[in-house]
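First comes the structure, then the notes that go with it.
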Amino acid sequence: MAGIPVRISSRHNRKVINRRNLTNLVYVNIDNDQLCKLGSNMRFALWNARSINKKAAIICDIIQSNKLDILAVTETWSNKNKKFSSAAEVLNTIRDFAVLEAPRLTGRGGGLAVFFRKSLKITKYTDITFQSFEHLDL
């Protein structure tokens, strides 16, 4: 019985941008006035929480210790019937933050949340829906 053929080679160092990966990027035109208001120190983090139930203290610690402006959370495990109470606890602790969420509509698991500073103008849009994945359109 013959084994699986193995090929060993070295990978060439690529310093060329693959233009196909850039086709899904959207150019955002920002004038100088907006740029000055935003500053250059916006801090963003993404966390896969695997449930935020009873994790309000951890969320507050992540936001405060990293001086975040935005924290996106995946796998909140919230659903449409019951909003997660941990978000309310976070908002009671960190008063200058707000939250937008997209709970799982069916089944278990899933769910998204974005905690952000109230000074940021962030709006949730609901005109686009997808059946194959969860998303927040902000």
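Ordering of the structure tokens sets the chain letters (A, B, ...), residue numbers begin anew at 1 in every chain, and ligands are numbered from 1 in the order given.
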Inset, instruction - List every residue of range 32-132 of chain A that DSSP, applied to the backbone, labels as strand (DSSP E), and write the result as JSON, numbers by chain. - result: {"A": [44, 45, 46, 47, 48, 70, 71, 72, 73, 74, 97, 98, 99, 100, 101, 102, 112, 113, 114, 115, 116, 117]}
Inset, instruction - Find the residues near Ala98 in chain A: any atom within 7 Å, counting only C-alpha atoms, skip ones fewer than 3 places away on the same chain, and give them as a list in words. - result: Leu91, Phe115, Phe116, Arg117 and Lys118 of chain A
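As for CA of Gln64 in chain A and CA of Lys121 in chain A, they are spaced 20.0 Å apart.
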